[in-house]
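Report on the following structure.
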Amino acid sequence: KNIALKIEIGDHEVVSESLRASDADLVIMGTNGGNAPRFDAIGDVASHVLRESKKPILFIRENRPVQKALASIDLSPHSAKVLESGAVLTQALNAKMESLVVIPDGTDDVSELLQTHQRQNAKKTIGRVRERVDAMFDQTVSSIELGFGEGVEFGDHLRQRHIGFGPVVDTILDRVQKHDIDLLIIGARHPDHAYIGSHTLALLRRCPTNVLVVP
């Protein structure tokens, strides 16, 4: 399709106004401006768009083709939208997608003794969660394909499912780095609140590759 180039001068308010007037399905932008002091800093414009946008935002960290994507979900109701956005985009890009659910181990706020106990029981916990994960995935795949009508199947993009155990952000980033992930797909908001989740902000700051944030 044709690409229209529009140049405007202003701050984040100008960007927000352009987004409100646009019928675009996807916002694409950098995480920080050219004057950002550090790689892990999120610029003012990016932060504002992250709070305001009702469309998925693709934050560009590096110029590389997307061949393998990772969708990280938390089993909240919003997870279905994250998976749907990821499946639609990766199918359009002819890329593979795998999904990850991380069970927090509570390392930030529990005693060392309890942490040891949790790690010892990680396999049992993962086993109990596996059935719930599979049921949610199957239901999500059916609802997505039903919404797109006959002839559209996303099963291949949702077949690779993984469960991790540990600190959420570190576990996600570990998989990104060890499995050569080109695109990380995450939800924008805390599952119980309207504000941007702390895990989302941490992943945007620390993830070395491109990130798709689904509001």
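Going by the structure tokens order, chains are called A, B, ..., each with residues numbered from 1, while ligands are numbered from 1 in the order shown.
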Just want the 10 Å neighbourhood of Pro215 in chain A, counted on only C-alpha atoms, with same-chain residues fewer than 2 positions away dropped. Output as a list in words. Leu50, Arg51, Glu52, Ser53, Lys54, Lys55, Pro56, Ile57, His78, Lys81, Val82, Ile186, Gly187, Ala188, Arg189, Ile196, Leu212 and Val213 of chain A
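CA of Val141 in chain A sits 13.4 Å away from CA of Glu98 in chain A.
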Please report the interatomic distance between CA of Asp174 in chain A and CA of Met97 in chain A in Å with one decimal. 16.5 Å
Which one of A:Ser72, A:Thr90, A:Thr140, A:Thr171 sits closest to Ile185 in chain A if you count only C-alpha atoms?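 Once distances to Ile185 in chain A are computed over only C-alpha atoms, the minimum belongs to A:Ser72.
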Nearby residues (only C-alpha atoms) at most 7 Å from Leu100 in chain A, same-chain spacing under 2 positions excluded, as a list in words: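 Returned residues: Ala71, Ser72, Ile73, Glu98, Val102, Arg161, His162 and Ile163 of chain A.
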Output file for the selection above: N, CA and C atoms, as an mmCIF file, in the first residue's frame:
data_model
loop_
_atom_site.group_PDB
_atom_site.id
_atom_site.type_symbol
_atom_site.label_atom_id
_atom_site.label_comp_id
_atom_site.auth_asym_id
_atom_site.auth_seq_id
_atom_site.Cartn_x
_atom_site.Cartn_y
_atom_site.Cartn_z
ATOM 1 N N ALA A 71 5.506 -13.895 22.654
ATOM 2 C CA ALA A 71 4.402 -13.203 23.320
ATOM 3 C C ALA A 71 4.402 -13.614 24.788
ATOM 4 N N SER A 72 4.594 -12.652 25.670
ATOM 5 C CA SER A 72 4.597 -12.927 27.102
ATOM 6 C C SER A 72 3.244 -12.520 27.688
ATOM 7 N N ILE A 73 2.562 -13.456 28.333
ATOM 8 C CA ILE A 73 1.225 -13.195 28.875
ATOM 9 C C ILE A 73 1.171 -13.616 30.334
ATOM 10 N N GLU A 98 6.129 -17.783 19.507
ATOM 11 C CA GLU A 98 5.947 -18.663 20.643
ATOM 12 C C GLU A 98 5.462 -17.828 21.818
ATOM 13 N N VAL A 102 4.965 -16.697 32.755
ATOM 14 C CA VAL A 102 5.938 -16.753 33.839
ATOM 15 C C VAL A 102 5.216 -16.787 35.179
ATOM 16 N N ARG A 161 4.139 -23.177 23.282
ATOM 17 C CA ARG A 161 3.768 -22.584 24.564
ATOM 18 C C ARG A 161 4.760 -23.023 25.626
ATOM 19 N N HIS A 162 5.193 -22.048 26.430
ATOM 20 C CA HIS A 162 6.196 -22.334 27.451
ATOM 21 C C HIS A 162 5.761 -21.732 28.779
ATOM 22 N N ILE A 163 6.188 -22.370 29.872
ATOM 23 C CA ILE A 163 5.948 -21.857 31.215
ATOM 24 C C ILE A 163 7.291 -21.677 31.903
#
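Separating CA of Asp74 in chain A from CA of Ile103 in chain A is a distance of 8.3 Å.
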